[in-house]
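model_27.pdb (PDB, C-alpha atoms and all ligand atoms) appears below.
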```pdb
ATOM      1  CA  MET A   1      -5.662   4.229 -26.851
ATOM      2  CA  VAL A   2      -5.692   5.983 -23.508
ATOM      3  CA  MET A   3      -7.705   4.031 -21.010
ATOM      4  CA  GLN A   4     -10.110   6.238 -19.189
ATOM      5  CA  PRO A   5     -10.325   5.804 -15.432
ATOM      6  CA  ALA A   6     -13.679   5.739 -13.679
ATOM      7  CA  PRO A   7     -15.346   9.153 -13.799
ATOM      8  CA  ALA A   8     -15.180  10.827 -10.409
ATOM      9  CA  ALA A   9     -18.672  11.438  -9.138
ATOM     10  CA  SER A  10     -19.324  15.063  -8.310
ATOM     11  CA  LEU A  11     -19.851  14.635  -4.592
ATOM     12  CA  ASP A  12     -19.648  17.326  -2.009
ATOM     13  CA  LEU A  13     -16.625  16.529   0.188
ATOM     14  CA  THR A  14     -17.667  19.011   2.869
ATOM     15  CA  ARG A  15     -21.020  17.287   3.186
ATOM     16  CA  TYR A  16     -19.336  13.877   3.162
ATOM     17  CA  ALA A  17     -16.784  14.795   5.817
ATOM     18  CA  THR A  18     -19.372  16.304   8.156
ATOM     19  CA  ALA A  19     -21.932  13.511   7.727
ATOM     20  CA  PRO A  20     -22.664  11.507  10.882
ATOM     21  CA  GLY A  21     -20.010   8.850  11.350
ATOM     22  CA  ARG A  22     -17.500  10.702   9.204
ATOM     23  CA  ARG A  23     -16.479  13.433  11.557
ATOM     24  CA  ILE A  24     -12.847  13.107  12.583
ATOM     25  CA  ARG A  25     -12.558  12.303  16.287
ATOM     26  CA  VAL A  26      -9.908  13.920  18.493
ATOM     27  CA  ALA A  27      -9.684  10.629  20.426
ATOM     28  CA  SER A  28      -8.525   8.832  17.283
ATOM     29  CA  VAL A  29      -6.252  11.655  16.087
ATOM     30  CA  LEU A  30      -4.311  11.866  19.366
ATOM     31  CA  PRO A  31      -2.675   8.392  19.343
ATOM     32  CA  TYR A  32      -1.941   8.738  15.609
ATOM     33  CA  LEU A  33      -0.419  12.172  16.137
ATOM     34  CA  SER A  34       1.558  11.036  19.200
ATOM     35  CA  ILE A  35       3.458   8.426  17.168
ATOM     36  CA  HIS A  36       4.441  11.227  14.766
ATOM     37  CA  LEU A  37       5.485  13.462  17.657
ATOM     38  CA  ILE A  38       7.745  10.733  19.081
ATOM     39  CA  CYS A  39       9.877  11.208  15.922
ATOM     40  CA  LEU A  40      10.781  14.699  17.182
ATOM     41  CA  GLY A  41      12.608  12.905  19.994
ATOM     42  CA  VAL A  42      15.591  12.423  17.634
ATOM     43  CA  ILE A  43      16.521  16.013  18.534
ATOM     44  CA  TRP A  44      17.244  14.846  22.100
ATOM     45  CA  VAL A  45      18.277  11.213  21.677
ATOM     46  CA  GLY A  46      20.435  11.594  18.544
ATOM     47  CA  TRP A  47      21.244   8.632  16.365
ATOM     48  CA  SER A  48      23.498   5.592  16.170
ATOM     49  CA  TRP A  49      24.021   2.958  13.490
ATOM     50  CA  THR A  50      22.452   0.419  15.845
ATOM     51  CA  ALA A  51      19.235   2.460  16.061
ATOM     52  CA  ILE A  52      19.108   3.172  12.320
ATOM     53  CA  ILE A  53      19.689  -0.469  11.322
ATOM     54  CA  ALA A  54      17.039  -1.650  13.804
ATOM     55  CA  CYS A  55      14.601   1.013  12.547
ATOM     56  CA  ALA A  56      15.139  -0.027   8.904
ATOM     57  CA  GLY A  57      14.910  -3.737   9.764
ATOM     58  CA  LEU A  58      11.618  -3.215  11.572
ATOM     59  CA  PHE A  59      10.342  -1.127   8.679
ATOM     60  CA  PHE A  60      11.041  -3.828   6.075
ATOM     61  CA  VAL A  61       9.883  -6.800   8.150
ATOM     62  CA  ARG A  62       6.634  -5.076   9.069
ATOM     63  CA  MET A  63       6.058  -3.712   5.545
ATOM     64  CA  PHE A  64       6.392  -7.297   4.345
ATOM     65  CA  VAL A  65       3.868  -8.483   6.925
ATOM     66  CA  ILE A  66       1.390  -5.761   5.942
ATOM     67  CA  THR A  67       1.703  -6.444   2.207
ATOM     68  CA  ALA A  68       2.026 -10.242   2.328
ATOM     69  CA  PHE A  69      -0.341 -10.996   5.195
ATOM     70  CA  TYR A  70      -2.708  -8.107   5.975
ATOM     71  CA  HIS A  71      -3.202  -7.505   2.251
ATOM     72  CA  ARG A  72      -2.481 -10.587   0.119
ATOM     73  CA  TYR A  73      -3.452 -13.162   2.754
ATOM     74  CA  PHE A  74      -6.097 -11.776   5.133
ATOM     75  CA  SER A  75      -7.803  -9.529   2.562
ATOM     76  CA  HIS A  76      -7.479 -11.639  -0.587
ATOM     77  CA  ARG A  77      -6.502 -15.167   0.524
ATOM     78  CA  THR A  78      -4.018 -15.522  -2.327
ATOM     79  CA  PHE A  79      -2.047 -18.283  -0.544
ATOM     80  CA  LYS A  80      -2.385 -20.665   2.361
ATOM     81  CA  THR A  81      -0.462 -21.025   5.592
ATOM     82  CA  SER A  82      -0.646 -22.715   8.983
ATOM     83  CA  ARG A  83      -2.630 -21.368  11.887
ATOM     84  CA  ALA A  84       0.573 -20.667  13.809
ATOM     85  CA  VAL A  85       2.179 -18.610  11.006
ATOM     86  CA  GLN A  86      -1.170 -16.874  10.472
ATOM     87  CA  PHE A  87      -1.280 -15.797  14.125
ATOM     88  CA  ILE A  88       2.385 -14.765  14.333
ATOM     89  CA  ALA A  89       1.976 -12.636  11.167
ATOM     90  CA  ALA A  90      -1.245 -11.150  12.523
ATOM     91  CA  PHE A  91       0.511 -10.187  15.776
ATOM     92  CA  ILE A  92       3.493  -8.622  13.987
ATOM     93  CA  GLY A  93       0.940  -6.748  11.843
ATOM     94  CA  THR A  94      -0.647  -5.213  14.936
ATOM     95  CA  THR A  95       2.724  -3.715  15.965
ATOM     96  CA  THR A  96       2.347  -1.327  12.999
ATOM     97  CA  ALA A  97      -0.525   0.381  14.881
ATOM     98  CA  GLN A  98      -2.777  -0.222  11.870
ATOM     99  CA  ARG A  99      -5.236  -2.132  14.038
ATOM    100  CA  GLY A 100      -5.942  -5.859  13.642
ATOM    101  CA  PRO A 101      -6.000  -7.929  10.430
ATOM    102  CA  ILE A 102      -9.800  -8.330  10.541
ATOM    103  CA  TRP A 103     -10.427  -4.564  10.607
ATOM    104  CA  TRP A 104      -7.813  -4.086   7.886
ATOM    105  CA  ALA A 105      -9.197  -6.850   5.631
ATOM    106  CA  ALA A 106     -12.831  -5.719   6.089
ATOM    107  CA  HIS A 107     -12.033  -2.181   4.925
ATOM    108  CA  HIS A 108      -9.851  -3.445   2.114
ATOM    109  CA  ARG A 109     -12.489  -5.846   0.798
ATOM    110  CA  ASN A 110     -14.944  -2.932   0.840
ATOM    111  CA  HIS A 111     -12.416  -0.918  -1.181
ATOM    112  CA  HIS A 112     -12.254  -3.614  -3.862
ATOM    113  CA  ARG A 113     -16.027  -4.001  -3.905
ATOM    114  CA  HIS A 114     -16.626  -0.297  -4.607
ATOM    115  CA  SER A 115     -13.257   0.987  -5.876
ATOM    116  CA  ASP A 116     -13.484   4.736  -6.556
ATOM    117  CA  HIS A 117     -17.273   4.739  -6.319
ATOM    118  CA  PRO A 118     -19.127   6.320  -3.374
ATOM    119  CA  PRO A 119     -19.077   3.538  -0.736
ATOM    120  CA  ASP A 120     -15.263   3.449  -1.134
ATOM    121  CA  VAL A 121     -14.077   5.498   1.851
ATOM    122  CA  HIS A 122     -10.561   6.182   0.580
ATOM    123  CA  SER A 123     -10.893   7.165  -3.045
ATOM    124  CA  PRO A 124      -8.667  10.171  -3.873
ATOM    125  CA  GLY A 125     -10.779  10.866  -6.981
ATOM    126  CA  LEU A 126     -13.912  11.234  -4.860
ATOM    127  CA  TRP A 127     -12.723  12.554  -1.510
ATOM    128  CA  GLY A 128      -9.317  14.085  -2.201
ATOM    129  CA  LEU A 129      -5.730  12.973  -1.656
ATOM    130  CA  ILE A 130      -5.412  13.882   2.043
ATOM    131  CA  TRP A 131      -8.664  12.183   3.076
ATOM    132  CA  SER A 132      -7.775   9.001   1.172
ATOM    133  CA  HIS A 133      -4.265   9.042   2.662
ATOM    134  CA  MET A 134      -5.041   9.630   6.325
ATOM    135  CA  GLY A 135      -8.491  11.067   6.949
ATOM    136  CA  TRP A 136     -10.815   8.097   6.451
ATOM    137  CA  PHE A 137      -9.521   5.933   9.317
ATOM    138  CA  LEU A 138      -9.702   8.723  11.885
ATOM    139  CA  CYS A 139     -13.493   9.066  11.706
ATOM    140  CA  ASP A 140     -16.165   6.859  13.325
ATOM    141  CA  ASP A 141     -17.014   4.978  10.127
ATOM    142  CA  GLY A 142     -13.351   4.290   9.476
ATOM    143  CA  LEU A 143     -12.808   2.933  12.972
ATOM    144  CA  LYS A 144     -15.676   0.448  12.738
ATOM    145  CA  THR A 145     -15.162  -3.130  11.558
ATOM    146  CA  ASP A 146     -17.760  -4.351   9.086
ATOM    147  CA  TRP A 147     -17.901  -8.008  10.156
ATOM    148  CA  LYS A 148     -20.107  -8.880   7.182
ATOM    149  CA  GLN A 149     -17.059  -8.419   4.940
ATOM    150  CA  VAL A 150     -14.986 -10.960   6.876
ATOM    151  CA  PRO A 151     -17.154 -13.983   7.796
ATOM    152  CA  ASP A 152     -14.161 -16.283   7.232
ATOM    153  CA  TRP A 153     -11.978 -14.597   9.875
ATOM    154  CA  ALA A 154     -14.817 -13.970  12.313
ATOM    155  CA  LYS A 155     -14.771 -17.758  12.922
ATOM    156  CA  VAL A 156     -11.136 -17.843  14.072
ATOM    157  CA  PRO A 157     -11.141 -17.213  17.858
ATOM    158  CA  GLU A 158      -7.468 -16.235  18.268
ATOM    159  CA  LEU A 159      -7.796 -13.621  15.503
ATOM    160  CA  VAL A 160     -10.988 -12.217  17.014
ATOM    161  CA  TRP A 161      -9.132 -12.051  20.359
ATOM    162  CA  LEU A 162      -6.180 -10.245  18.747
ATOM    163  CA  GLU A 163      -8.591  -7.862  17.068
ATOM    164  CA  ARG A 164      -9.958  -6.897  20.462
ATOM    165  CA  TRP A 165      -6.517  -6.519  22.002
ATOM    166  CA  HIS A 166      -4.749  -5.073  18.966
ATOM    167  CA  LEU A 167      -3.083  -2.409  21.119
ATOM    168  CA  LEU A 168      -0.925  -5.138  22.654
ATOM    169  CA  GLY A 169       1.148  -5.076  19.433
ATOM    170  CA  PRO A 170       2.253  -1.427  19.531
ATOM    171  CA  ILE A 171       2.675  -1.536  23.327
ATOM    172  CA  THR A 172       4.925  -4.623  23.047
ATOM    173  CA  LEU A 173       7.012  -2.957  20.340
ATOM    174  CA  ALA A 174       7.350   0.291  22.293
ATOM    175  CA  ALA A 175       8.351  -1.524  25.500
ATOM    176  CA  GLY A 176      10.564  -4.011  23.629
ATOM    177  CA  SER A 177      12.431  -1.228  21.807
ATOM    178  CA  PHE A 178      13.079   0.612  25.036
ATOM    179  CA  GLY A 179      14.119  -2.584  26.828
ATOM    180  CA  ALA A 180      16.463  -3.703  24.025
ATOM    181  CA  GLY A 181      18.009  -0.222  23.887
ATOM    182  CA  TRP A 182      18.499  -0.150  27.650
ATOM    183  CA  ALA A 183      20.109  -3.640  27.605
ATOM    184  CA  LEU A 184      22.442  -2.710  24.731
ATOM    185  CA  GLY A 185      23.322   0.611  26.364
ATOM    186  CA  THR A 186      24.159  -1.186  29.640
ATOM    187  CA  PHE A 187      25.889  -4.348  28.421
ATOM    188  CA  ALA A 188      27.303  -3.238  25.027
ATOM    189  CA  PRO A 189      27.992   0.508  25.424
ATOM    190  CA  ALA A 190      30.254   0.448  22.332
ATOM    191  CA  LEU A 191      27.081   0.295  20.207
ATOM    192  CA  GLY A 192      26.274   3.830  21.344
ATOM    193  CA  THR A 193      22.555   3.427  21.863
ATOM    194  CA  SER A 194      20.122   3.771  24.761
ATOM    195  CA  GLY A 195      16.571   2.888  25.752
ATOM    196  CA  TRP A 196      15.094   6.208  24.667
ATOM    197  CA  GLN A 197      17.041   6.252  21.403
ATOM    198  CA  MET A 198      15.774   2.804  20.394
ATOM    199  CA  PHE A 199      12.241   3.773  21.478
ATOM    200  CA  VAL A 200      12.278   6.867  19.263
ATOM    201  CA  TRP A 201      13.789   5.153  16.201
ATOM    202  CA  CYS A 202      12.275   1.656  16.349
ATOM    203  CA  PHE A 203       8.820   2.602  17.552
ATOM    204  CA  GLY A 204       8.350   6.255  16.490
ATOM    205  CA  VAL A 205      10.302   6.715  13.250
ATOM    206  CA  SER A 206       9.863   3.186  11.870
ATOM    207  CA  THR A 207       6.087   3.112  12.548
ATOM    208  CA  THR A 208       5.550   6.606  11.103
ATOM    209  CA  LEU A 209       7.437   5.701   7.901
ATOM    210  CA  LEU A 210       5.425   2.516   7.702
ATOM    211  CA  TYR A 211       2.163   4.442   8.106
ATOM    212  CA  HIS A 212       2.841   6.719   5.184
ATOM    213  CA  GLY A 213       4.372   3.988   3.021
ATOM    214  CA  THR A 214       1.240   1.875   3.424
ATOM    215  CA  PHE A 215      -1.140   4.805   2.981
ATOM    216  CA  THR A 216       0.378   5.775  -0.386
ATOM    217  CA  ILE A 217      -1.392   2.735  -1.840
ATOM    218  CA  ASN A 218      -4.779   4.220  -0.901
ATOM    219  CA  SER A 219      -3.864   7.710  -2.098
ATOM    220  CA  LEU A 220      -1.044   7.830  -4.680
ATOM    221  CA  ALA A 221      -1.581   4.372  -6.245
ATOM    222  CA  HIS A 222      -4.961   5.699  -7.412
ATOM    223  CA  THR A 223      -3.406   8.960  -8.631
ATOM    224  CA  ILE A 224       0.058   8.534 -10.193
ATOM    225  CA  GLY A 225       1.412   5.947 -12.623
ATOM    226  CA  ARG A 226       0.245   4.140 -15.734
ATOM    227  CA  ARG A 227      -2.786   2.014 -16.415
ATOM    228  CA  ARG A 228      -2.332  -1.296 -18.201
ATOM    229  CA  PHE A 229      -5.838  -2.653 -17.640
ATOM    230  CA  ALA A 230      -9.106  -0.762 -18.180
ATOM    231  CA  THR A 231     -10.407  -1.367 -14.653
ATOM    232  CA  SER A 232     -13.481   0.537 -13.481
ATOM    233  CA  ASP A 233     -11.406   2.525 -10.959
ATOM    234  CA  ASP A 234      -8.418   4.898 -10.951
ATOM    235  CA  SER A 235      -5.768   2.309  -9.955
ATOM    236  CA  ARG A 236      -2.300   2.725 -11.457
ATOM    237  CA  ASN A 237       1.049   0.931 -11.714
ATOM    238  CA  SER A 238       4.048   2.738 -10.274
ATOM    239  CA  LEU A 239       7.634   1.505  -9.911
ATOM    240  CA  LEU A 240       8.359   4.161  -7.293
ATOM    241  CA  LEU A 241       5.486   3.047  -5.054
ATOM    242  CA  SER A 242       6.452  -0.594  -5.587
ATOM    243  CA  ILE A 243       9.974   0.078  -4.294
ATOM    244  CA  LEU A 244       8.547   1.898  -1.282
ATOM    245  CA  THR A 245       5.976  -0.786  -0.441
ATOM    246  CA  LEU A 246       7.779  -3.988  -1.478
ATOM    247  CA  GLY A 247       5.657  -4.564  -4.577
ATOM    248  CA  GLU A 248       2.256  -3.041  -3.797
ATOM    249  CA  GLY A 249       2.701  -0.240  -6.343
ATOM    250  CA  TRP A 250       1.527  -2.498  -9.217
ATOM    251  CA  HIS A 251      -1.924  -1.491  -8.125
ATOM    252  CA  ASN A 252      -3.615  -1.489 -11.525
ATOM    253  CA  ASN A 253      -2.449  -5.092 -12.014
ATOM    254  CA  HIS A 254      -3.795  -5.877  -8.559
ATOM    255  CA  HIS A 255      -7.216  -4.285  -9.119
ATOM    256  CA  HIS A 256      -7.526  -6.160 -12.389
ATOM    257  CA  CYS A 257      -6.654  -9.471 -10.792
ATOM    258  CA  PRO A 258      -6.865  -9.240  -6.965
ATOM    259  CA  GLY A 259      -6.893 -13.000  -6.464
ATOM    260  CA  THR A 260      -3.278 -13.568  -7.478
ATOM    261  CA  VAL A 261      -0.392 -13.576  -4.994
ATOM    262  CA  ARG A 262       1.856 -11.765  -7.449
ATOM    263  CA  GLN A 263       1.332  -8.052  -8.123
ATOM    264  CA  GLY A 264       4.283  -7.421 -10.437
ATOM    265  CA  PHE A 265       3.239  -9.594 -13.380
ATOM    266  CA  TYR A 266       6.665  -9.591 -15.130
ATOM    267  CA  TRP A 267      10.258  -9.954 -13.954
ATOM    268  CA  TRP A 268      10.859  -6.232 -14.468
ATOM    269  CA  GLU A 269       7.899  -5.315 -12.254
ATOM    270  CA  ILE A 270       9.756  -5.794  -9.010
ATOM    271  CA  ASP A 271       7.698  -7.396  -6.270
ATOM    272  CA  PRO A 272       9.882  -8.234  -3.229
ATOM    273  CA  THR A 273       6.875  -9.461  -1.231
ATOM    274  CA  TYR A 274       6.282 -12.169  -3.830
ATOM    275  CA  TYR A 275       9.965 -13.188  -3.809
ATOM    276  CA  VAL A 276       9.958 -13.579  -0.018
ATOM    277  CA  LEU A 277       6.711 -15.562  -0.156
ATOM    278  CA  ARG A 278       8.339 -17.904  -2.679
ATOM    279  CA  ALA A 279      11.280 -18.338  -0.324
ATOM    280  CA  MET A 280       8.847 -19.067   2.515
ATOM    281  CA  ARG A 281       7.158 -21.644   0.286
ATOM    282  CA  ALA A 282      10.518 -23.383  -0.161
ATOM    283  CA  PHE A 283      10.634 -23.789   3.635
ATOM    284  CA  GLY A 284       7.034 -25.051   3.765
ATOM    285  CA  LEU A 285       5.797 -21.995   5.700
ATOM    286  CA  VAL A 286       3.234 -21.021   3.032
ATOM    287  CA  TRP A 287       1.764 -22.941   0.103
ATOM    288  CA  ASP A 288      -0.798 -22.854  -2.726
ATOM    289  CA  LEU A 289       0.389 -19.459  -4.011
ATOM    290  CA  ARG A 290      -2.229 -18.468  -6.590
ATOM    291  CA  PRO A 291      -0.564 -17.629  -9.928
ATOM    292  CA  VAL A 292      -1.513 -15.003 -12.502
ATOM    293  CA  PRO A 293      -3.999 -16.671 -14.917
ATOM    294  CA  GLU A 294      -2.886 -17.067 -18.557
ATOM    295  CA  ARG A 295      -5.939 -15.024 -19.644
ATOM    296  CA  VAL A 296      -4.527 -11.989 -17.793
ATOM    297  CA  TYR A 297      -1.184 -12.285 -19.606
ATOM    298  CA  ARG A 298      -3.098 -12.492 -22.887
ATOM    299  CA  GLU A 299      -4.977  -9.289 -22.032
ATOM    300  CA  ALA A 300      -1.696  -7.591 -21.108
ATOM    301  CA  ARG A 301      -0.153  -8.671 -24.433
ATOM    302  CA  GLU A 302      -3.168  -7.300 -26.310
ATOM    303  CA  HIS A 303      -2.793  -4.014 -24.448
ATOM    304  CA  HIS A 304       0.921  -3.774 -25.303
ATOM    305  CA  THR A 305       0.208  -4.549 -28.979
ATOM    306  CA  ARG A 306      -2.461  -1.819 -29.034
ATOM    307  CA  VAL A 307      -0.119   0.700 -27.406
ATOM    308  CA  ARG A 308       2.667  -0.178 -29.891
ATOM    309  CA  GLU A 309       0.313   0.131 -32.877
ATOM    310  CA  GLU A 310      -0.953   3.491 -31.652
ATOM    311  CA  SER A 311       2.529   4.831 -31.078
ATOM    312  CA  ASP A 312       3.592   3.578 -34.578
ATOM    313  CA  ARG A 313       0.551   5.293 -36.087
ATOM    314  CA  GLY A 314       1.323   8.494 -34.180
ATOM    315  CA  ARG A 315       4.926   8.426 -35.396
ATOM    316  CA  ARG A 316       3.766   7.846 -39.013
ATOM    317  CA  LEU A 317       1.262  10.715 -38.847
ATOM    318  CA  ARG A 318       3.874  13.075 -37.429
ATOM    319  CA  ARG A 319       6.346  12.053 -40.170
ATOM    320  CA  GLU A 320       3.717  12.666 -42.873
ATOM    321  CA  ALA A 321       2.782  16.024 -41.385
ATOM    322  CA  ARG A 322       6.463  17.064 -41.340
ATOM    323  CA  ARG A 323       6.883  15.944 -44.967
ATOM    324  CA  ALA A 324       3.745  17.872 -46.041
ATOM    325  CA  LEU A 325       4.997  20.977 -44.230
ATOM    326  CA  ARG A 326       8.408  20.697 -45.881
ATOM    327  CA  SER A 327       6.926  20.321 -49.383
ATOM    328  CA  THR A 328       4.582  23.314 -48.814
ATOM    329  CA  HIS A 329       7.576  25.333 -47.671
ATOM    330  CA  GLN A 330       9.661  24.252 -50.712
ATOM    331  CA  SER A 331       6.884  25.037 -53.248
ATOM    332  CA  GLY A 332       6.476  28.449 -51.559
ATOM    333  CA  GLU A 333      10.234  29.056 -52.026
ATOM    334  CA  ARG A 334      10.015  28.126 -55.713
ATOM    335  CA  GLU A 335       7.048  30.432 -56.382
ATOM    336  CA  ARG A 336       8.784  33.392 -54.785
ATOM    337  CA  PRO A 337      10.020  35.768 -57.575
TER     338      PRO A 337
HETATM  339 ZN    ZN B 401      -6.949   0.297  -4.633
HETATM  340 ZN    ZN B 402      -6.230  -5.487  -2.537
END
```
Go through the file and emit its structure as structure tokens.
Amino acid sequence: MVMQPAPAASLDLTRYATAPGRRIRVASVLPYLSIHLICLGVIWVGWSWTAIIACAGLFFVRMFVITAFYHRYFSHRTFKTSRAVQFIAAFIGTTTAQRGPIWWAAHHRNHHRHSDHPPDVHSPGLWGLIWSHMGWFLCDDGLKTDWKQVPDWAKVPELVWLERWHLLGPITLAAGSFGAGWALGTFAPALGTSGWQMFVWCFGVSTTLLYHGTFTINSLAHTIGRRRFATSDDSRNSLLLSILTLGEGWHNNHHHCPGTVRQGFYWWEIDPTYYVLRAMRAFGLVWDLRPVPERVYREAREHHTRVREESDRGRRLRREARRALRSTHQSGERERP
């Protein structure tokens, strides 16, 4: 049985994109575009192993913070942690220039509430791949925070403060990268780096890669891959996207059961974010990780049995058709004079 995704409503994208509140603002495009343009700086600053390793390290640490904290913690509350860890993770999250955790969680909760149906602002089936990837957050509606979606976080003063001053994150990273590069260039010249080189790689390249890695979950995870569960949206499971996003590519699993900390439900569905969270649990940094309910595994088993039965039936039908064709061919041969 092929599970049918939610039918895409026939909505007029042009009308949607030009509706009040959905027009893309130059003021929001410029900072987003500037971070991309910084990447061009590699032409002038070159590269060094120091810069590349730092860029990759920042990519993975911050991807983990986005997936584990912005997504699985602030949006879905799939585990618990202390107020200090919560704030540190929230601050690291802001360095990705994806605004604060409250804005992020509010939009994400809205996405789960209306997945691939009109109030969902980043559905590729409704509004197209580009809009769902990087159009929706550049318009007025995308920039707003719907506080009604996040009453739990609106009560935490330090998070509300960080939300207001979320630009401190990217500014700290930009200045820190430059400063670290300058210090290394001055005191450890053998490492072959400089202030501008570290600024370009650690702030520009790493943040841009992180942008598009994260955004694939809004665009491609609702477009490519397989569907295990018949959810009422287009979500899919993809190994490729899971590698890129440290486990977020098991998006059909996640839409079926958003309240569990684990998104890869089996050992072969790699989910590095979950492994790191388990390691953090061993050190007492997080706790109460919500497991996948037994009922979900039962549903998955039923799905696999159905798929196996259908493929067996398909194979049998094809075999019978081949046999029938062969016998028709042979009787035709015999009748020929
Ligand atoms: Zn989704
Ligand atoms: Zn989610």
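Checking A:His112, A:Ala175, A:Ser232, A:Leu143 one by one against ligand ZN 401 (chain B), counting only C-alpha atoms and all ligand atoms, you find the shortest gap at A:His112.
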Using only C-alpha atoms, which residues sit within 12 Å of Arg278 (chain A) once same-chain residues fewer than 3 positions away are excluded, as a list in words?
Ala68, Phe79, Val261, Arg262, Asp271, Pro272, Thr273, Tyr274, Tyr275, Arg281, Ala282, Phe283, Gly284, Leu285, Val286, Trp287, Asp288, Leu289, Arg290 and Pro291 of chain A
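Shortest separation to ligand ZN 402 (chain B) among A:Asp140, A:Glu310, A:Asp152, A:Glu248 occurs at residue A:Glu248, atoms counted being only C-alpha atoms and all ligand atoms.
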Once the PyMOL selection byres (((not hetatm)) within 9 of (chain B and resi 402)) has been applied to the shown file, what residues remain in the selection, as a PDB file with C-alpha atoms, in the coordinates of the input?
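And here is the file that came out, selection.pdb:
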```
ATOM      1  CA  HIS A  71      -3.202  -7.505   2.251  1.00  0.00           C
ATOM      2  CA  ARG A  72      -2.481 -10.587   0.119  1.00  0.00           C
ATOM      3  CA  SER A  75      -7.803  -9.529   2.562  1.00  0.00           C
ATOM      4  CA  HIS A  76      -7.479 -11.639  -0.587  1.00  0.00           C
ATOM      5  CA  ALA A 105      -9.197  -6.850   5.631  1.00  0.00           C
ATOM      6  CA  HIS A 108      -9.851  -3.445   2.114  1.00  0.00           C
ATOM      7  CA  ARG A 109     -12.489  -5.846   0.798  1.00  0.00           C
ATOM      8  CA  HIS A 111     -12.416  -0.918  -1.181  1.00  0.00           C
ATOM      9  CA  HIS A 112     -12.254  -3.614  -3.862  1.00  0.00           C
ATOM     10  CA  GLU A 248       2.256  -3.041  -3.797  1.00  0.00           C
ATOM     11  CA  HIS A 251      -1.924  -1.491  -8.125  1.00  0.00           C
ATOM     12  CA  HIS A 254      -3.795  -5.877  -8.559  1.00  0.00           C
ATOM     13  CA  HIS A 255      -7.216  -4.285  -9.119  1.00  0.00           C
ATOM     14  CA  PRO A 258      -6.865  -9.240  -6.965  1.00  0.00           C
ATOM     15  CA  GLY A 259      -6.893 -13.000  -6.464  1.00  0.00           C
TER      16      GLY A 259
END
```
Selection dump of the PyMOL selection byres (((chain A and resi 127-136) around 9) and not hetatm), as a PyMOL selection string:
chain A and resi 11-13+16-17+22+24+121-126+137-143+212+215-220+223
Distance CA of Met198 (chain A)-CA of Phe59 (chain A), one decimal place?
13.5 Å
Produce the centre coordinates and the three edge lengths, each in Å to one decimal, of the box along x, y and z that contains all listed atoms of region 171-179 of chain A with 5 Å added on each side, as AutoDock Vina command-line options.
```
--center_x 8.4 --center_y -2.0 --center_z 23.6 --size_x 21.4 --size_y 15.2 --size_z 16.5
```
